[in-house]
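*Asks:* final32.csv is the file, holding CSV, C-alpha atoms:
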```csv
chain,number,residue,atom,x,y,z
A,160,MET,CA,97.1,71.8,90.2
A,161,SER,CA,100.1,70.2,88.7
A,162,SER,CA,101.1,66.8,89.9
A,163,SER,CA,103.7,65.9,87.3
A,164,PRO,CA,107.2,64.6,88.4
A,165,GLU,CA,108.7,67.7,86.8
A,166,PHE,CA,106.6,70.0,89.0
A,167,ALA,CA,107.5,68.0,92.1
A,168,SER,CA,111.2,68.4,91.1
A,169,GLN,CA,110.8,72.1,90.7
A,170,LEU,CA,109.1,72.4,94.0
A,171,LYS,CA,111.9,70.5,95.7
A,172,ALA,CA,114.5,72.7,94.1
A,173,ALA,CA,112.6,75.9,95.1
A,174,ALA,CA,112.2,74.8,98.7
A,175,GLU,CA,116.0,74.0,98.9
A,176,HIS,CA,117.0,77.4,97.4
A,177,LEU,CA,114.5,79.4,99.5
A,178,GLY,CA,115.8,77.6,102.6
A,179,ARG,CA,119.3,78.7,101.7
A,180,VAL,CA,118.0,82.3,101.4
A,181,ARG,CA,116.5,82.1,104.9
A,182,THR,CA,119.8,80.6,106.2
A,183,GLU,CA,121.8,83.4,104.6
A,184,VAL,CA,119.6,86.1,106.2
A,185,GLY,CA,119.8,84.2,109.5
A,186,ARG,CA,123.6,84.8,109.4
A,187,VAL,CA,122.9,88.5,109.9
A,188,ILE,CA,119.6,88.5,111.8
A,189,VAL,CA,119.6,86.7,115.1
A,190,GLY,CA,116.3,84.9,115.9
A,191,GLN,CA,113.3,86.6,114.3
A,192,ARG,CA,112.6,83.4,112.4
A,193,ALA,CA,109.0,84.4,111.8
A,194,LEU,CA,110.1,87.7,110.3
A,195,VAL,CA,112.5,86.0,107.9
A,196,HIS,CA,109.9,83.5,106.9
A,197,ARG,CA,107.3,86.2,106.2
A,198,LEU,CA,109.8,88.1,104.1
A,199,VAL,CA,110.4,85.1,101.9
A,200,VAL,CA,106.6,84.4,101.7
A,201,GLY,CA,106.1,88.0,100.4
A,202,LEU,CA,108.9,87.5,97.9
A,203,VAL,CA,107.4,84.3,96.5
A,204,ALA,CA,103.7,85.4,96.7
A,205,ARG,CA,104.4,88.8,95.1
A,206,GLY,CA,103.0,90.5,98.1
A,207,HIS,CA,104.2,93.7,99.8
A,208,ILE,CA,105.0,93.7,103.5
A,209,LEU,CA,104.6,96.2,106.3
A,210,LEU,CA,107.0,95.7,109.2
A,211,GLU,CA,106.0,97.3,112.5
A,212,GLY,CA,108.2,97.3,115.6
A,213,LEU,CA,110.1,99.3,118.1
A,214,PRO,CA,113.4,100.9,117.1
A,215,GLY,CA,116.5,98.7,117.0
A,216,LEU,CA,114.7,95.4,116.2
A,217,ALA,CA,116.5,94.8,112.9
A,218,LYS,CA,113.6,95.7,110.6
A,219,THR,CA,115.8,97.6,108.2
A,220,ALA,CA,118.7,95.2,108.6
A,221,SER,CA,116.5,92.2,107.8
A,222,VAL,CA,115.4,93.8,104.5
A,223,SER,CA,119.0,94.7,103.6
A,224,ALA,CA,120.0,91.1,104.4
A,225,LEU,CA,117.3,89.7,102.2
A,226,SER,CA,118.7,91.8,99.3
A,227,GLY,CA,122.2,90.5,100.1
A,228,ALA,CA,121.0,86.9,99.9
A,229,THR,CA,119.6,87.5,96.4
A,230,HIS,CA,120.9,89.2,93.3
A,231,CYS,CA,117.9,91.6,93.4
A,232,GLN,CA,118.5,95.3,93.0
A,233,PHE,CA,117.9,97.1,96.3
A,234,ALA,CA,116.8,100.6,97.1
A,235,ARG,CA,116.2,102.2,100.5
A,236,ILE,CA,114.0,105.3,100.7
A,237,GLN,CA,114.1,107.2,104.0
A,238,PHE,CA,110.6,108.8,104.4
A,239,THR,CA,110.7,112.3,105.9
A,240,PRO,CA,108.1,115.1,106.1
A,241,ASP,CA,109.9,117.1,103.3
A,242,LEU,CA,110.0,114.1,100.9
A,243,LEU,CA,108.3,114.7,97.5
A,244,PRO,CA,106.5,112.1,95.3
A,245,GLY,CA,109.1,112.7,92.5
A,246,ASP,CA,111.8,111.7,95.0
A,247,ILE,CA,110.3,108.2,94.8
A,248,THR,CA,109.0,107.8,91.3
A,249,GLY,CA,111.4,110.0,89.4
A,250,SER,CA,110.8,113.1,87.3
A,251,LEU,CA,111.3,114.9,84.0
A,252,ILE,CA,114.5,116.9,83.8
A,253,TYR,CA,114.7,119.9,81.4
A,254,ASP,CA,117.8,120.4,79.4
A,255,PRO,CA,118.0,124.2,78.6
A,256,VAL,CA,120.7,123.7,76.0
A,257,GLN,CA,118.8,121.1,73.9
A,258,GLY,CA,115.4,122.4,74.9
A,259,THR,CA,114.2,118.9,75.7
A,260,TYR,CA,113.1,116.8,78.6
A,261,SER,CA,114.6,113.6,79.8
A,262,THR,CA,113.3,111.1,82.3
A,263,ARG,CA,115.2,110.4,85.4
A,264,LYS,CA,113.8,107.3,87.1
A,265,GLY,CA,113.5,107.2,90.9
A,266,PRO,CA,114.6,104.6,93.4
A,267,ILE,CA,111.2,102.8,93.0
A,268,PHE,CA,112.7,101.1,89.9
A,269,SER,CA,114.3,98.4,92.0
A,270,ASN,CA,113.4,94.8,92.8
A,271,LEU,CA,113.3,95.3,96.6
A,272,VAL,CA,112.3,98.8,97.8
A,273,LEU,CA,112.6,99.6,101.5
A,274,ALA,CA,110.2,102.4,102.5
A,275,ASP,CA,111.8,103.2,105.8
A,276,GLU,CA,109.5,104.8,108.4
A,277,ILE,CA,106.8,105.2,105.9
A,278,ASN,CA,104.5,107.0,108.3
A,279,ARG,CA,106.9,109.9,108.6
A,280,ALA,CA,106.0,111.3,105.1
A,281,PRO,CA,102.7,113.1,104.3
A,282,SER,CA,99.9,111.3,102.4
A,283,LYS,CA,100.7,112.7,99.0
A,284,VAL,CA,104.1,110.9,99.2
A,285,GLN,CA,102.6,107.7,100.6
A,286,SER,CA,100.1,107.7,97.7
A,287,ALA,CA,103.0,107.8,95.3
A,288,LEU,CA,103.5,104.2,96.1
A,289,LEU,CA,99.9,103.2,95.4
A,290,GLU,CA,100.2,102.9,91.6
A,291,ALA,CA,103.6,101.1,92.0
A,292,MET,CA,102.3,98.6,94.5
A,293,GLN,CA,99.0,97.8,92.8
A,294,GLU,CA,99.7,98.2,89.1
A,295,ARG,CA,103.5,97.6,89.2
A,296,GLN,CA,104.0,100.5,87.0
A,297,VAL,CA,104.9,104.2,87.4
A,298,THR,CA,103.8,107.2,85.3
A,299,ILE,CA,106.3,110.0,84.8
A,300,GLY,CA,104.9,112.8,82.7
A,301,ASP,CA,103.0,111.3,79.9
A,302,THR,CA,104.9,108.0,79.9
A,303,THR,CA,104.1,104.9,81.9
A,304,PHE,CA,107.0,102.6,82.8
A,305,LYS,CA,106.8,99.0,84.0
A,306,LEU,CA,108.6,98.2,87.2
A,307,PRO,CA,111.2,95.3,87.3
A,308,ASP,CA,110.2,91.8,88.1
A,309,PRO,CA,110.3,90.7,90.9
A,310,PHE,CA,109.1,93.9,92.6
A,311,LEU,CA,108.5,94.1,96.4
A,312,VAL,CA,107.8,97.0,98.7
A,313,LEU,CA,108.8,96.5,102.3
A,314,ALA,CA,107.8,99.3,104.5
A,315,THR,CA,108.7,99.9,108.2
A,316,GLN,CA,106.9,102.0,110.8
A,317,ASN,CA,107.4,102.7,114.5
A,318,PRO,CA,104.2,102.1,116.5
A,319,ILE,CA,105.0,104.3,119.5
A,320,GLU,CA,105.8,107.7,118.0
A,321,GLN,CA,102.9,109.9,117.1
A,322,GLU,CA,104.4,113.4,116.7
A,323,GLY,CA,105.5,114.1,113.2
A,324,THR,CA,103.9,111.0,111.8
A,325,TYR,CA,101.1,110.5,109.2
A,326,PRO,CA,99.1,107.3,109.8
A,327,LEU,CA,98.6,105.2,106.7
A,328,PRO,CA,95.1,105.4,105.2
A,329,GLU,CA,93.1,102.2,105.1
A,330,ALA,CA,93.4,102.0,101.3
A,331,GLN,CA,97.2,102.0,101.6
A,332,MET,CA,97.2,99.5,104.4
A,333,ASP,CA,95.0,97.1,102.4
A,334,ARG,CA,97.6,97.0,99.6
A,335,PHE,CA,100.1,95.3,101.9
A,336,MET,CA,99.7,91.5,101.8
A,337,LEU,CA,101.2,91.0,105.2
A,338,LYS,CA,101.7,93.1,108.3
A,339,VAL,CA,104.5,91.6,110.4
A,340,ILE,CA,104.9,92.6,114.1
A,341,VAL,CA,108.6,92.5,115.1
A,342,GLY,CA,109.1,91.7,118.7
A,343,TYR,CA,112.0,91.8,121.2
A,344,PRO,CA,114.7,89.0,121.1
A,345,THR,CA,115.1,86.5,123.9
A,346,ALA,CA,117.9,86.8,126.4
A,347,GLU,CA,120.0,84.2,124.6
A,348,GLU,CA,119.4,85.9,121.2
A,349,GLU,CA,120.3,89.3,122.6
A,350,LEU,CA,123.6,87.8,123.9
A,351,GLN,CA,124.3,86.6,120.3
A,352,ILE,CA,123.5,90.0,119.0
A,353,LEU,CA,126.0,91.5,121.5
A,354,GLU,CA,128.7,89.1,120.4
A,355,ARG,CA,128.1,89.9,116.7
A,356,MET,CA,127.5,93.6,116.7
A,357,ALA,CA,129.4,95.1,119.7
A,358,THR,CA,132.2,96.2,117.4
A,359,THR,CA,133.1,99.4,115.6
A,360,LYS,CA,133.2,97.5,112.3
A,361,PRO,CA,130.5,94.8,112.1
A,362,SER,CA,130.7,93.1,108.7
A,363,PHE,CA,128.9,90.2,107.2
A,364,SER,CA,129.7,88.5,103.9
A,365,LEU,CA,126.4,87.2,102.4
A,366,ASN,CA,126.2,84.8,99.5
A,367,SER,CA,123.6,85.7,96.8
A,368,VAL,CA,122.0,82.3,96.4
A,369,VAL,CA,119.1,83.1,94.0
A,370,THR,CA,118.7,85.3,91.0
A,371,PRO,CA,115.7,87.5,90.1
A,372,GLU,CA,114.8,85.1,87.3
A,373,GLU,CA,114.7,82.2,89.7
A,374,ILE,CA,112.5,84.1,92.0
A,375,VAL,CA,110.1,84.8,89.2
A,376,GLY,CA,110.1,81.1,88.5
A,377,TYR,CA,109.2,80.3,92.1
A,378,GLN,CA,106.4,82.8,91.9
A,379,SER,CA,104.9,80.9,88.9
A,380,LEU,CA,105.1,77.7,91.0
A,381,VAL,CA,102.7,79.2,93.5
A,382,ASN,CA,99.9,79.0,90.9
A,383,GLY,CA,100.4,75.3,90.5
A,384,VAL,CA,99.9,74.5,94.3
A,385,HIS,CA,96.6,72.9,94.9
A,386,VAL,CA,94.1,74.4,97.4
A,387,ASP,CA,91.4,71.8,98.2
A,388,PRO,CA,87.8,73.1,97.9
A,389,LEU,CA,87.3,72.5,101.6
A,390,LEU,CA,90.3,74.7,102.3
A,391,ARG,CA,89.0,77.4,99.9
A,392,ASP,CA,85.7,77.3,101.9
A,393,TYR,CA,87.7,77.6,105.1
A,394,ILE,CA,89.6,80.7,103.9
A,395,VAL,CA,86.3,82.4,102.8
A,396,ARG,CA,84.6,81.5,106.1
A,397,LEU,CA,87.6,82.9,108.0
A,398,VAL,CA,87.5,86.2,106.2
A,399,LEU,CA,83.7,86.4,106.4
A,400,SER,CA,83.9,85.8,110.2
A,401,THR,CA,85.5,89.2,110.5
A,402,ARG,CA,82.6,90.9,108.8
A,403,ASP,CA,80.0,88.8,110.6
A,404,ALA,CA,81.7,89.8,113.9
A,405,ALA,CA,81.4,93.5,113.0
A,406,ALA,CA,77.7,92.9,112.3
A,407,GLY,CA,77.2,91.1,115.6
A,408,LYS,CA,76.5,87.6,114.2
A,409,GLY,CA,78.4,84.5,113.1
A,410,VAL,CA,80.8,82.5,115.3
A,411,ALA,CA,81.8,85.4,117.6
A,412,PRO,CA,78.9,88.0,117.8
A,413,GLU,CA,80.3,89.4,121.0
A,414,LEU,CA,83.2,90.9,119.1
A,415,LYS,CA,80.8,93.5,117.5
A,416,ARG,CA,81.8,96.0,120.3
A,417,PHE,CA,85.4,95.7,119.2
A,418,ILE,CA,85.3,95.3,115.4
A,419,ARG,CA,84.0,98.2,113.3
A,420,ILE,CA,84.8,96.9,109.8
A,421,GLY,CA,85.9,93.4,108.8
A,422,ALA,CA,88.5,92.3,106.2
A,423,SER,CA,88.1,93.1,102.5
A,424,PRO,CA,88.0,90.5,99.6
A,425,ARG,CA,91.7,91.3,99.1
A,426,ALA,CA,92.3,89.5,102.4
A,427,THR,CA,90.7,86.3,100.9
A,428,ILE,CA,93.0,86.5,97.8
A,429,ASN,CA,96.1,87.3,99.8
A,430,LEU,CA,95.4,84.5,102.4
A,431,ALA,CA,95.2,81.9,99.7
A,432,LEU,CA,98.3,83.2,97.9
A,433,ALA,CA,100.4,83.4,101.1
A,434,ALA,CA,99.3,79.9,102.1
A,435,ARG,CA,100.4,78.6,98.7
A,436,ALA,CA,103.7,80.4,99.1
A,437,CYS,CA,104.1,78.6,102.5
A,438,ALA,CA,103.6,75.3,100.7
A,439,VAL,CA,106.2,76.1,98.0
A,440,MET,CA,108.7,76.9,100.8
A,441,GLU,CA,108.1,73.5,102.2
A,442,GLY,CA,108.3,71.8,98.8
A,443,ARG,CA,104.6,70.7,98.9
A,444,SER,CA,102.2,70.7,96.0
A,445,HIS,CA,99.2,71.3,98.2
A,446,VAL,CA,98.1,73.7,101.0
A,447,THR,CA,97.3,72.4,104.4
A,448,PRO,CA,95.1,74.0,107.1
A,449,ASP,CA,98.3,74.7,109.1
A,450,ASP,CA,99.5,76.9,106.3
A,451,VAL,CA,96.4,79.0,106.5
A,452,LYS,CA,96.4,79.2,110.3
A,453,LEU,CA,100.1,80.1,110.3
A,454,ILE,CA,99.8,83.1,107.9
A,455,ALA,CA,96.3,84.3,108.7
A,456,PRO,CA,97.3,86.7,111.5
A,457,ASP,CA,99.8,88.5,109.3
A,458,VAL,CA,97.1,88.8,106.5
A,459,LEU,CA,94.3,89.9,108.7
A,460,ARG,CA,95.7,92.0,111.5
A,461,HIS,CA,95.9,95.3,109.5
A,462,ARG,CA,92.6,94.8,107.8
A,463,LEU,CA,90.3,94.9,110.9
A,464,LEU,CA,89.2,98.4,111.9
A,465,LEU,CA,88.6,98.6,115.6
A,466,THR,CA,86.0,100.6,117.5
A,467,TYR,CA,86.8,103.3,120.0
A,468,GLU,CA,85.7,100.8,122.7
A,469,ALA,CA,88.4,98.3,121.6
A,470,GLU,CA,91.1,101.1,121.7
A,471,ALA,CA,89.9,102.2,125.1
A,472,GLU,CA,90.0,98.7,126.5
A,473,GLU,CA,93.4,98.0,124.7
A,474,VAL,CA,91.9,95.1,122.8
A,475,THR,CA,94.3,94.3,119.9
A,476,THR,CA,93.6,92.9,116.5
A,477,GLU,CA,96.0,90.1,117.4
A,478,THR,CA,93.6,89.0,120.1
A,479,LEU,CA,90.6,89.3,117.9
A,480,VAL,CA,92.1,87.3,115.0
A,481,GLN,CA,93.2,84.5,117.4
A,482,THR,CA,89.6,84.4,118.8
A,483,LEU,CA,88.2,84.0,115.3
A,484,LEU,CA,90.8,81.4,114.3
A,485,SER,CA,89.8,79.3,117.4
A,486,ARG,CA,86.1,79.6,116.5
A,487,VAL,CA,86.0,79.0,112.8
A,488,LYS,CA,85.8,75.2,112.1
A,489,VAL,CA,88.9,73.8,110.4
A,490,PRO,CA,88.2,71.2,107.6
```
Write the structure described by the file as structure tokens, please.
*Replies:*
Amino acid sequence: MSSSPEFASQLKAAAEHLGRVRTEVGRVIVGQRALVHRLVVGLVARGHILLEGLPGLAKTASVSALSGATHCQFARIQFTPDLLPGDITGSLIYDPVQGTYSTRKGPIFSNLVLADEINRAPSKVQSALLEAMQERQVTIGDTTFKLPDPFLVLATQNPIEQEGTYPLPEAQMDRFMLKVIVGYPTAEEELQILERMATTKPSFSLNSVVTPEEIVGYQSLVNGVHVDPLLRDYIVRLVLSTRDAAAGKGVAPELKRFIRIGASPRATINLALAARACAVMEGRSHVTPDDVKLIAPDVLRHRLLLTYEAEAEEVTTETLVQTLLSRVKVP
């Protein structure tokens, strides 16, 4: 933990600038405050985000707006069944005149990468993202290239369409720090959407308020945010409660019939990082229990594997996570 006046000043500046990013994105995206907040959390915590929601709920637009509010390089990849791994990472191009190969880098070499409808591409294409998301590097031929910093993958998927889709494997899902559920707007918000967008030429002029270098600086501030030992214990107990529930013990043994496998240690790491990022966004040098409880559903919901009984009874991970949050004692 750093408690110096300089660190406090840096936190204050970071909170102000990140607040301006959220304001700029809010000029395009009506409502969806939780979505905008989680996008910035992922940006600060260096964590990839999976956005799930019905069509037309501004998933793609929100990511595009985030890039517009920063000076980050943005690339959008539309995932389709005929997409190839090289279409994402890049490939070697042969020059028959010179008799040599040259490297053509793919769209993955951007700061913000939108993997639109990621579940529409087959697994070999989805796995092309694995090395990039985990190692932050890409291998083309015999050469390994570092990805730019900051680097963030934001993937979208539609939960209702099953035909022509390829569900993400658990290993891929676990690499996303957050899974954000995008819901419908309220009546008042939809009226604002109508007023803004019911035109043949909707246009928005966004101000880029932070640079990639500043974002990297904010990411380093996360490491200086203090997490009290009691809160560390709370985070661990919260994640362990998902595994205990799957084993029929702990604070909620009755959930054994719904939870097949609990969250991995990656959930523990990401929960602490995301909570620290929440503190940075508020200009605080320490994490509070509210930070953990706020971000826990987004960290845990895609890491619980449900039983067939849960699916048959339409019990969601959302309900299960909220039950565990209410049972695990807060320090």
*Asks:* Quick one: everything within 6 Å of region 201-218 of chain A, counting only C-alpha atoms, minus sequence neighbours fewer than 3 positions away in the same chain. Send it as a CSV table (one decimal) with C-alpha atoms, in the frame of the given file.
*Replies:*
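In the end it all went to around26.csv:
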```
chain,number,residue,atom,x,y,z
A,198,LEU,CA,109.8,88.1,104.1
A,221,SER,CA,116.5,92.2,107.8
A,311,LEU,CA,108.5,94.1,96.4
A,312,VAL,CA,107.8,97.0,98.7
A,313,LEU,CA,108.8,96.5,102.3
A,314,ALA,CA,107.8,99.3,104.5
A,315,THR,CA,108.7,99.9,108.2
A,316,GLN,CA,106.9,102.0,110.8
A,317,ASN,CA,107.4,102.7,114.5
A,335,PHE,CA,100.1,95.3,101.9
A,336,MET,CA,99.7,91.5,101.8
A,337,LEU,CA,101.2,91.0,105.2
A,338,LYS,CA,101.7,93.1,108.3
A,339,VAL,CA,104.5,91.6,110.4
A,340,ILE,CA,104.9,92.6,114.1
A,341,VAL,CA,108.6,92.5,115.1
A,378,GLN,CA,106.4,82.8,91.9
A,432,LEU,CA,98.3,83.2,97.9
A,433,ALA,CA,100.4,83.4,101.1
A,436,ALA,CA,103.7,80.4,99.1
```
*Asks:* For Asp333 (chain A), which residue out of A:Ser250, A:Gln293, A:Ser379, A:Ser163 is the nearest one, using only C-alpha atoms?
*Replies:*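 Of A:Ser250, A:Gln293, A:Ser379, A:Ser163, the one nearest Asp333 (chain A), counting only C-alpha atoms, is A:Gln293.
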*Asks:* Can you work out which one of A:Ala346, A:Ala411, A:Leu399, A:Met440 has the shortest atom-to-atom distance to Arg425 (chain A), counting only C-alpha atoms?
*Replies:*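 Using only C-alpha atoms, the shortest distance to Arg425 (chain A) belongs to A:Leu399.
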*Asks:* So which residues touch Arg460 (chain A) within 10 Å, counting all atoms listed in the file, skipping near sequence neighbours fewer than 4 positions away, as a PyMOL selection string?
*Replies:* chain A and resi 337-340+422+455-456+464+475-481
*Asks:* Between A:Leu353, A:Val284, A:Val200, A:Val395, which is the closest to Leu453 (chain A) once you count only C-alpha atoms?
*Replies:*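 Of A:Leu353, A:Val284, A:Val200, A:Val395, the one nearest Leu453 (chain A) is A:Val200, counting only C-alpha atoms.
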*Asks:* Could you please determine the separation between CA of Asp449 (chain A) and CA of Arg435 (chain A) in Å, to one decimal place?
*Replies:*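 We find that CA of Asp449 (chain A) and CA of Arg435 (chain A) lie 11.3 Å from each other.
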*Asks:* Just the residues within 8 Å of Gly227 (chain A), please, counting only C-alpha atoms, with nothing from its chain fewer than 3 positions along; format it as a list in words.
*Replies:*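 Everything that qualifies: Val184, Ser223, Ala224, His230, Leu365, Asn366 and Ser367 of chain A.
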*Asks:* Can you list, as a tab-separated table (two decimals) with C-alpha atoms, in the coordinates of the input, every protein, DNA or RNA residue that comes within 8 Å of Thr229 (chain A) when you count all atoms listed in the file, leaving out same-chain residues fewer than 4 positions away?
*Replies:*
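So selection_9.tsv came out as:
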```
chain	number	residue	atom	x	y	z
A	180	VAL	CA	118.00	82.30	101.40
A	225	LEU	CA	117.30	89.70	102.20
A	366	ASN	CA	126.20	84.80	99.50
A	367	SER	CA	123.60	85.70	96.80
A	368	VAL	CA	122.00	82.30	96.40
A	369	VAL	CA	119.10	83.10	94.00
A	370	THR	CA	118.70	85.30	91.00
A	371	PRO	CA	115.70	87.50	90.10
```
*Asks:* Mind giving me the straight-line distance from CA of Phe238 (chain A) to CA of Tyr325 (chain A) in Å, one decimal?
*Replies:*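 Computing it gives 10.8 Å between the two atoms.
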*Asks:* Could you produce a table of the residues of region 313-405 of chain A lying within 8 Å of region 441-445 of chain A, with the nearest pair of atoms per residue and their separation in Å rounded to one decimal, using only C-alpha atoms, ordered by chain and increasing residue number, as CSV?
*Replies:*
```
residue,atom,partner,partner_atom,distance
A:Gly383,CA,A:Ser444,CA,7.4
A:Val384,CA,A:Ser444,CA,4.8
A:His385,CA,A:His445,CA,4.5
A:Val386,CA,A:His445,CA,6.0
A:Asp387,CA,A:His445,CA,7.8
```
*Asks:* Save out the residues we just selected, C-alpha atoms, as a compact mmCIF listing (two decimals), in the frame of the given file.
*Replies:*
```
# COMPACT_ATOMS: atom_id res chain seq x y z
CA GLY A 383 100.40 75.30 90.50
CA VAL A 384 99.90 74.50 94.30
CA HIS A 385 96.60 72.90 94.90
CA VAL A 386 94.10 74.40 97.40
CA ASP A 387 91.40 71.80 98.20
```
*Asks:* Give me, please, the distance in Å between CA of Ile299 (chain A) and CA of Pro266 (chain A), quoted to one decimal.
*Replies:* 13.1 Å
*Asks:* Can you tell me which residues surround region 347-350 of chain A at a distance of at most 12 Å, considering all atoms listed in the file, apart from same-chain residues fewer than 6 positions away, and format the answer as a list in words?
*Replies:* Gly185, Ile188, Val189, Gly190, Gln191, Arg192, Gly215, Leu216, Ala217, Met356 and Ala357 of chain A
*Asks:* Pick from A:Val446, A:Ala274, A:Ile418, A:Ile267: nearest to Gln232 (chain A), with only C-alpha atoms counted?
*Replies:*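 Checking each candidate against Gln232 (chain A), we get A:Ile267 as the closest.
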*Asks:* Give the answer as one residue: which of A:Gln285, A:Thr262, A:Ser485, A:Ser226 has the shortest atom-to-atom distance to Ala330 (chain A), using all atoms listed in the file?
*Replies:*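 Smallest separation from Ala330 (chain A) among the options: A:Gln285.
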*Asks:* Taking only C-alpha atoms into account, name the residue in A:Gly265, A:Gly245, A:Pro424, A:Gly258 that is nearest to Val458 (chain A).
*Replies:*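 Nearest candidate to Val458 (chain A) out of A:Gly265, A:Gly245, A:Pro424, A:Gly258: A:Pro424.
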